[in-house]
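Chemist: Before anything else, here's the structure in question.
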Amino acid sequence: QVELEESGGGSVQSGGSLRLSCQTSGYSYNNYCMAWFRQVPGKKREGVGAVDSTRNTRYANNMAGRGTISFDNAKKMLYLQMNNLQPEDTGMYYCGASLGYCSSSWSSEYKIGLYSWGKGTAVTVSS
């Protein structure tokens with residue numbers, strides 16, 4: 001059984017940084033795509049970044065140049081380092097895991113339906 005548990009969210013001021021963590025377990029680590037998504041009430045869940053078992057990374061425009069996603073195989077931990085945070089980055093951040101490599105459609109609505117999800121960690125950025 002796949003289990004994902006996020007942590008590291010909090011409140012920061014504009015320009016600050018946060019590192020989110022996601023402890024994973026019960027997953028096949030030979031062929032996977034691990035990703036971070038975020039969501040605010042009333043809006044669709046949107047991708048932030050993804051990394052797969054080949055260490056290939058993909059980023060959405062919303063975090064390009066400000067975020068770094070990584071996966072520690074030994075700890076089975078997924079990370080998202082976010083810098084220069086802005087109020088529009090406020091939301092609930094979710095860790096997702098799916099079989100297969102992260103394709104160019106990793107954040108599509110179709111792929112979103114294939115991920116297993118954690119319960120999320122809240123990020124609030126004040127101006």
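Letters A, B, ... go to the chains of the structure tokens in the order shown; residues in each chain start at 1; ligands are counted from 1 in the same order.
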List the spatial neighbours of region 91-102 of chain A as a ChimeraX atom specification - criterion: any atom at most 6 Å away, only C-alpha atoms, same-chain residues fewer than 4 positions off excluded.
Modeler: /A:31-40,52,106,115-118,120-123
Chemist: With N, CA, C and O atoms retained, could you export that selection as a PDB file, in the first residue's frame?
Modeler:
ATOM      1  N   ASN A  31      10.616   2.307 -11.088  1.00  0.00           N
ATOM      2  CA  ASN A  31      10.023   3.008 -12.224  1.00  0.00           C
ATOM      3  C   ASN A  31       8.884   3.878 -11.705  1.00  0.00           C
ATOM      4  O   ASN A  31       7.755   3.419 -11.582  1.00  0.00           O
ATOM      5  N   TYR A  32       9.200   5.116 -11.422  1.00  0.00           N
ATOM      6  CA  TYR A  32       8.204   5.980 -10.797  1.00  0.00           C
ATOM      7  C   TYR A  32       8.338   7.419 -11.278  1.00  0.00           C
ATOM      8  O   TYR A  32       9.358   7.838 -11.801  1.00  0.00           O
ATOM      9  N   CYS A  33       7.286   8.149 -11.044  1.00  0.00           N
ATOM     10  CA  CYS A  33       7.281   9.595 -11.184  1.00  0.00           C
ATOM     11  C   CYS A  33       6.732  10.152  -9.874  1.00  0.00           C
ATOM     12  O   CYS A  33       5.604   9.829  -9.482  1.00  0.00           O
ATOM     13  N   MET A  34       7.528  10.952  -9.187  1.00  0.00           N
ATOM     14  CA  MET A  34       7.118  11.594  -7.942  1.00  0.00           C
ATOM     15  C   MET A  34       6.971  13.083  -8.213  1.00  0.00           C
ATOM     16  O   MET A  34       7.839  13.676  -8.858  1.00  0.00           O
ATOM     17  N   ALA A  35       5.911  13.673  -7.727  1.00  0.00           N
ATOM     18  CA  ALA A  35       5.647  15.065  -8.081  1.00  0.00           C
ATOM     19  C   ALA A  35       5.046  15.859  -6.933  1.00  0.00           C
ATOM     20  O   ALA A  35       4.470  15.299  -6.004  1.00  0.00           O
ATOM     21  N   TRP A  36       5.219  17.158  -7.032  1.00  0.00           N
ATOM     22  CA  TRP A  36       4.548  18.092  -6.129  1.00  0.00           C
ATOM     23  C   TRP A  36       3.494  18.859  -6.920  1.00  0.00           C
ATOM     24  O   TRP A  36       3.751  19.340  -8.022  1.00  0.00           O
ATOM     25  N   PHE A  37       2.332  18.970  -6.320  1.00  0.00           N
ATOM     26  CA  PHE A  37       1.240  19.769  -6.858  1.00  0.00           C
ATOM     27  C   PHE A  37       0.774  20.732  -5.781  1.00  0.00           C
ATOM     28  O   PHE A  37       1.087  20.561  -4.607  1.00  0.00           O
ATOM     29  N   ARG A  38       0.018  21.724  -6.184  1.00  0.00           N
ATOM     30  CA  ARG A  38      -0.558  22.622  -5.196  1.00  0.00           C
ATOM     31  C   ARG A  38      -1.982  22.980  -5.611  1.00  0.00           C
ATOM     32  O   ARG A  38      -2.357  22.863  -6.782  1.00  0.00           O
ATOM     33  N   GLN A  39      -2.745  23.407  -4.625  1.00  0.00           N
ATOM     34  CA  GLN A  39      -4.144  23.725  -4.895  1.00  0.00           C
ATOM     35  C   GLN A  39      -4.638  24.775  -3.912  1.00  0.00           C
ATOM     36  O   GLN A  39      -4.281  24.745  -2.730  1.00  0.00           O
ATOM     37  N   VAL A  40      -5.434  25.696  -4.417  1.00  0.00           N
ATOM     38  CA  VAL A  40      -6.127  26.660  -3.568  1.00  0.00           C
ATOM     39  C   VAL A  40      -7.618  26.426  -3.734  1.00  0.00           C
ATOM     40  O   VAL A  40      -8.053  25.911  -4.776  1.00  0.00           O
ATOM     41  N   ASP A  52      11.668  11.647 -11.672  1.00  0.00           N
ATOM     42  CA  ASP A  52      11.418  10.220 -11.830  1.00  0.00           C
ATOM     43  C   ASP A  52      12.663   9.401 -11.498  1.00  0.00           C
ATOM     44  O   ASP A  52      13.698   9.946 -11.096  1.00  0.00           O
ATOM     45  N   TRP A 106       3.059  15.093 -17.366  1.00  0.00           N
ATOM     46  CA  TRP A 106       3.045  14.684 -15.965  1.00  0.00           C
ATOM     47  C   TRP A 106       2.019  15.435 -15.129  1.00  0.00           C
ATOM     48  O   TRP A 106       1.553  14.917 -14.113  1.00  0.00           O
ATOM     49  N   TYR A 115      -2.249   9.538 -10.021  1.00  0.00           N
ATOM     50  CA  TYR A 115      -1.357   9.645  -8.875  1.00  0.00           C
ATOM     51  C   TYR A 115      -2.007   9.125  -7.598  1.00  0.00           C
ATOM     52  O   TYR A 115      -3.225   9.247  -7.407  1.00  0.00           O
ATOM     53  N   SER A 116      -1.167   8.601  -6.704  1.00  0.00           N
ATOM     54  CA  SER A 116      -1.551   8.403  -5.313  1.00  0.00           C
ATOM     55  C   SER A 116      -1.150   9.675  -4.594  1.00  0.00           C
ATOM     56  O   SER A 116      -0.114  10.281  -4.920  1.00  0.00           O
ATOM     57  N   TRP A 117      -1.928  10.080  -3.577  1.00  0.00           N
ATOM     58  CA  TRP A 117      -1.709  11.384  -2.962  1.00  0.00           C
ATOM     59  C   TRP A 117      -1.514  11.301  -1.452  1.00  0.00           C
ATOM     60  O   TRP A 117      -2.083  10.429  -0.785  1.00  0.00           O
ATOM     61  N   GLY A 118      -0.748  12.279  -0.943  1.00  0.00           N
ATOM     62  CA  GLY A 118      -0.708  12.495   0.486  1.00  0.00           C
ATOM     63  C   GLY A 118      -1.829  13.440   0.878  1.00  0.00           C
ATOM     64  O   GLY A 118      -2.635  13.853   0.033  1.00  0.00           O
ATOM     65  N   GLY A 120      -1.382  16.482   2.183  1.00  0.00           N
ATOM     66  CA  GLY A 120      -1.029  17.865   1.929  1.00  0.00           C
ATOM     67  C   GLY A 120      -0.414  18.584   3.110  1.00  0.00           C
ATOM     68  O   GLY A 120      -0.571  18.185   4.261  1.00  0.00           O
ATOM     69  N   THR A 121       0.305  19.650   2.789  1.00  0.00           N
ATOM     70  CA  THR A 121       0.874  20.534   3.798  1.00  0.00           C
ATOM     71  C   THR A 121       0.634  21.962   3.329  1.00  0.00           C
ATOM     72  O   THR A 121       0.803  22.260   2.151  1.00  0.00           O
ATOM     73  N   ALA A 122       0.210  22.826   4.252  1.00  0.00           N
ATOM     74  CA  ALA A 122      -0.213  24.168   3.885  1.00  0.00           C
ATOM     75  C   ALA A 122       0.959  25.145   3.848  1.00  0.00           C
ATOM     76  O   ALA A 122       1.807  25.159   4.747  1.00  0.00           O
ATOM     77  N   VAL A 123       0.976  25.972   2.818  1.00  0.00           N
ATOM     78  CA  VAL A 123       1.973  27.027   2.662  1.00  0.00           C
ATOM     79  C   VAL A 123       1.247  28.363   2.571  1.00  0.00           C
ATOM     80  O   VAL A 123       0.325  28.514   1.767  1.00  0.00           O
TER      81      VAL A 123
END
Chemist: From a backbone DSSP assignment, name each residue in chain A labelled alpha helix (DSSP H), as a ChimeraX atom specification.
Modeler: /A:109-112
Chemist: Could you save the residues just selected, with N, CA, C and O atoms, as an mmCIF file, in the first residue's frame?
Modeler:
data_model
loop_
_atom_site.group_PDB
_atom_site.id
_atom_site.type_symbol
_atom_site.label_atom_id
_atom_site.label_comp_id
_atom_site.auth_asym_id
_atom_site.auth_seq_id
_atom_site.Cartn_x
_atom_site.Cartn_y
_atom_site.Cartn_z
ATOM 1 N N GLU A 109 -4.519 16.815 -16.582
ATOM 2 C CA GLU A 109 -5.675 16.351 -15.820
ATOM 3 C C GLU A 109 -5.778 14.838 -15.852
ATOM 4 O O GLU A 109 -6.167 14.212 -14.859
ATOM 5 N N TYR A 110 -5.426 14.239 -16.977
ATOM 6 C CA TYR A 110 -5.482 12.777 -17.087
ATOM 7 C C TYR A 110 -4.495 12.139 -16.117
ATOM 8 O O TYR A 110 -4.831 11.202 -15.386
ATOM 9 N N LYS A 111 -3.254 12.665 -16.093
ATOM 10 C CA LYS A 111 -2.235 12.077 -15.221
ATOM 11 C C LYS A 111 -2.553 12.312 -13.751
ATOM 12 O O LYS A 111 -2.245 11.477 -12.892
ATOM 13 N N ILE A 112 -3.170 13.450 -13.440
ATOM 14 C CA ILE A 112 -3.524 13.738 -12.049
ATOM 15 C C ILE A 112 -4.383 12.620 -11.479
ATOM 16 O O ILE A 112 -4.261 12.244 -10.307
#
Chemist: Please compute the CA of Glu6 (chain A)-CA of Arg55 (chain A) distance, one decimal, in Å.
Modeler: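 Atom-to-atom, CA of Glu6 (chain A) to CA of Arg55 (chain A), that is 20.4 Å.
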Chemist: Please indicate the distance in Å from CA of Gln81 (chain A) to CA of Ser53 (chain A), rounded to one decimal place.
Modeler: 18.7 Å
Chemist: What is the distance between CA of Ser28 (chain A) and CA of Thr54 (chain A), in Å to one decimal?
Modeler: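 For CA of Ser28 (chain A) relative to CA of Thr54 (chain A), the distance reads 13.6 Å.
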Chemist: Write out as an NGL selection string all residues of region 45-101 of chain A that DSSP puts in strand (DSSP E or B) for this structure's backbone.
Modeler: :A and (46-52 or 57-59 or 67-72 or 77-82 or 91-99)
Chemist: Please, could you write that set of residues out with N, CA, C and O atoms as a compact mmCIF listing (two decimals), in the first residue's frame?
Modeler:
# COMPACT_ATOMS: atom_id res chain seq x y z
N GLU A 46 -2.66 22.05 -9.51
CA GLU A 46 -1.69 22.33 -10.56
C GLU A 46 -0.32 21.77 -10.19
O GLU A 46 0.07 21.77 -9.02
N GLY A 47 0.39 21.33 -11.20
CA GLY A 47 1.71 20.78 -10.97
C GLY A 47 2.72 21.86 -10.63
O GLY A 47 2.61 23.01 -11.07
N VAL A 48 3.70 21.48 -9.82
CA VAL A 48 4.80 22.38 -9.46
C VAL A 48 6.10 21.82 -10.01
O VAL A 48 6.86 22.52 -10.68
N GLY A 49 6.39 20.55 -9.72
CA GLY A 49 7.60 19.92 -10.22
C GLY A 49 7.51 18.42 -10.06
O GLY A 49 6.72 17.92 -9.26
N ALA A 50 8.33 17.70 -10.82
CA ALA A 50 8.32 16.24 -10.79
C ALA A 50 9.72 15.70 -11.02
O ALA A 50 10.55 16.34 -11.66
N VAL A 51 9.95 14.51 -10.46
CA VAL A 51 11.23 13.81 -10.66
C VAL A 51 10.93 12.33 -10.80
O VAL A 51 10.03 11.81 -10.13
N ASP A 52 11.67 11.65 -11.67
CA ASP A 52 11.42 10.22 -11.83
C ASP A 52 12.66 9.40 -11.50
O ASP A 52 13.70 9.95 -11.10
N THR A 57 14.04 15.68 -14.17
CA THR A 57 13.15 16.59 -13.45
C THR A 57 12.37 17.45 -14.44
O THR A 57 12.84 17.76 -15.53
N ARG A 58 11.18 17.81 -14.03
CA ARG A 58 10.34 18.71 -14.82
C ARG A 58 9.73 19.73 -13.88
O ARG A 58 9.40 19.40 -12.74
N TYR A 59 9.59 20.95 -14.37
CA TYR A 59 9.02 22.02 -13.56
C TYR A 59 7.92 22.74 -14.32
O TYR A 59 8.02 22.96 -15.53
N GLY A 67 12.38 26.80 -7.73
CA GLY A 67 12.18 25.56 -7.00
C GLY A 67 13.11 24.46 -7.46
O GLY A 67 13.53 24.44 -8.62
N THR A 68 13.43 23.56 -6.54
CA THR A 68 14.25 22.40 -6.86
C THR A 68 13.61 21.18 -6.25
O THR A 68 13.38 21.13 -5.04
N ILE A 69 13.32 20.18 -7.09
CA ILE A 69 12.73 18.94 -6.60
C ILE A 69 13.80 17.85 -6.61
O ILE A 69 14.65 17.81 -7.50
N SER A 70 13.75 17.00 -5.59
CA SER A 70 14.74 15.92 -5.52
C SER A 70 14.14 14.75 -4.76
O SER A 70 13.16 14.90 -4.02
N PHE A 71 14.74 13.56 -4.96
CA PHE A 71 14.29 12.35 -4.28
C PHE A 71 15.50 11.64 -3.71
O PHE A 71 16.46 11.37 -4.44
N ASP A 72 15.45 11.39 -2.42
CA ASP A 72 16.51 10.67 -1.72
C ASP A 72 16.12 9.20 -1.66
O ASP A 72 15.23 8.83 -0.90
N MET A 77 12.54 9.72 0.46
CA MET A 77 11.97 11.03 0.77
C MET A 77 12.00 11.92 -0.46
O MET A 77 13.03 12.06 -1.13
N LEU A 78 10.89 12.55 -0.74
CA LEU A 78 10.78 13.53 -1.83
C LEU A 78 10.85 14.92 -1.22
O LEU A 78 10.23 15.18 -0.18
N TYR A 79 11.59 15.82 -1.88
CA TYR A 79 11.75 17.18 -1.38
C TYR A 79 11.35 18.20 -2.44
O TYR A 79 11.42 17.94 -3.64
N LEU A 80 10.95 19.37 -1.95
CA LEU A 80 10.76 20.52 -2.82
C LEU A 80 11.32 21.74 -2.10
O LEU A 80 10.75 22.18 -1.09
N GLN A 81 12.42 22.25 -2.60
CA GLN A 81 13.00 23.48 -2.06
C GLN A 81 12.42 24.65 -2.85
O GLN A 81 12.54 24.68 -4.07
N MET A 82 11.78 25.58 -2.15
CA MET A 82 11.16 26.72 -2.81
C MET A 82 11.79 28.00 -2.28
O MET A 82 11.83 28.24 -1.08
N GLY A 91 -1.01 28.06 -0.77
CA GLY A 91 -1.90 26.97 -1.12
C GLY A 91 -1.57 25.72 -0.34
O GLY A 91 -0.66 25.71 0.49
N MET A 92 -2.30 24.66 -0.63
CA MET A 92 -2.03 23.35 -0.06
C MET A 92 -1.15 22.61 -1.05
O MET A 92 -1.48 22.52 -2.25
N TYR A 93 -0.04 22.09 -0.57
CA TYR A 93 0.91 21.39 -1.43
C TYR A 93 0.80 19.89 -1.18
O TYR A 93 0.85 19.44 -0.03
N TYR A 94 0.68 19.16 -2.28
CA TYR A 94 0.48 17.72 -2.21
C TYR A 94 1.63 16.98 -2.90
O TYR A 94 2.12 17.39 -3.96
N CYS A 95 1.98 15.87 -2.31
CA CYS A 95 2.95 14.95 -2.89
C CYS A 95 2.18 13.87 -3.63
O CYS A 95 1.18 13.34 -3.11
N GLY A 96 2.61 13.56 -4.85
CA GLY A 96 1.96 12.53 -5.64
C GLY A 96 2.96 11.53 -6.18
O GLY A 96 4.11 11.89 -6.45
N ALA A 97 2.51 10.29 -6.37
CA ALA A 97 3.37 9.25 -6.90
C ALA A 97 2.61 8.44 -7.94
O ALA A 97 1.44 8.09 -7.72
N SER A 98 3.27 8.13 -9.04
CA SER A 98 2.65 7.31 -10.07
C SER A 98 3.69 6.42 -10.70
O SER A 98 4.89 6.71 -10.65
N LEU A 99 3.23 5.33 -11.29
CA LEU A 99 4.13 4.42 -11.99
C LEU A 99 4.55 5.04 -13.32
O LEU A 99 3.81 5.80 -13.93
Chemist: Quick one: residues within 7 Å of Thr124 (chain A), only C-alpha atoms counted, chain neighbours fewer than 5 positions away excluded, as a tab-separated table (two decimals) with N, CA, C and O atoms, in the first residue's frame?
Modeler:
chain	number	residue	atom	x	y	z
A	10	GLY	N	4.29	25.96	6.10
A	10	GLY	CA	4.27	26.97	7.15
A	10	GLY	C	3.97	28.33	6.58
A	10	GLY	O	3.55	28.46	5.42
A	11	SER	N	4.20	29.34	7.40
A	11	SER	CA	3.95	30.72	6.99
A	11	SER	C	5.28	31.45	6.85
A	11	SER	O	6.10	31.40	7.76
A	12	VAL	N	5.46	32.12	5.72
A	12	VAL	CA	6.67	32.89	5.47
A	12	VAL	C	6.28	34.21	4.84
A	12	VAL	O	5.19	34.37	4.29
A	90	THR	N	0.84	30.72	-2.21
A	90	THR	CA	0.03	30.22	-1.10
A	90	THR	C	-0.91	29.12	-1.57
A	90	THR	O	-1.52	29.23	-2.63
A	91	GLY	N	-1.01	28.06	-0.77
A	91	GLY	CA	-1.90	26.97	-1.12
A	91	GLY	C	-1.57	25.72	-0.34
A	91	GLY	O	-0.66	25.71	0.49
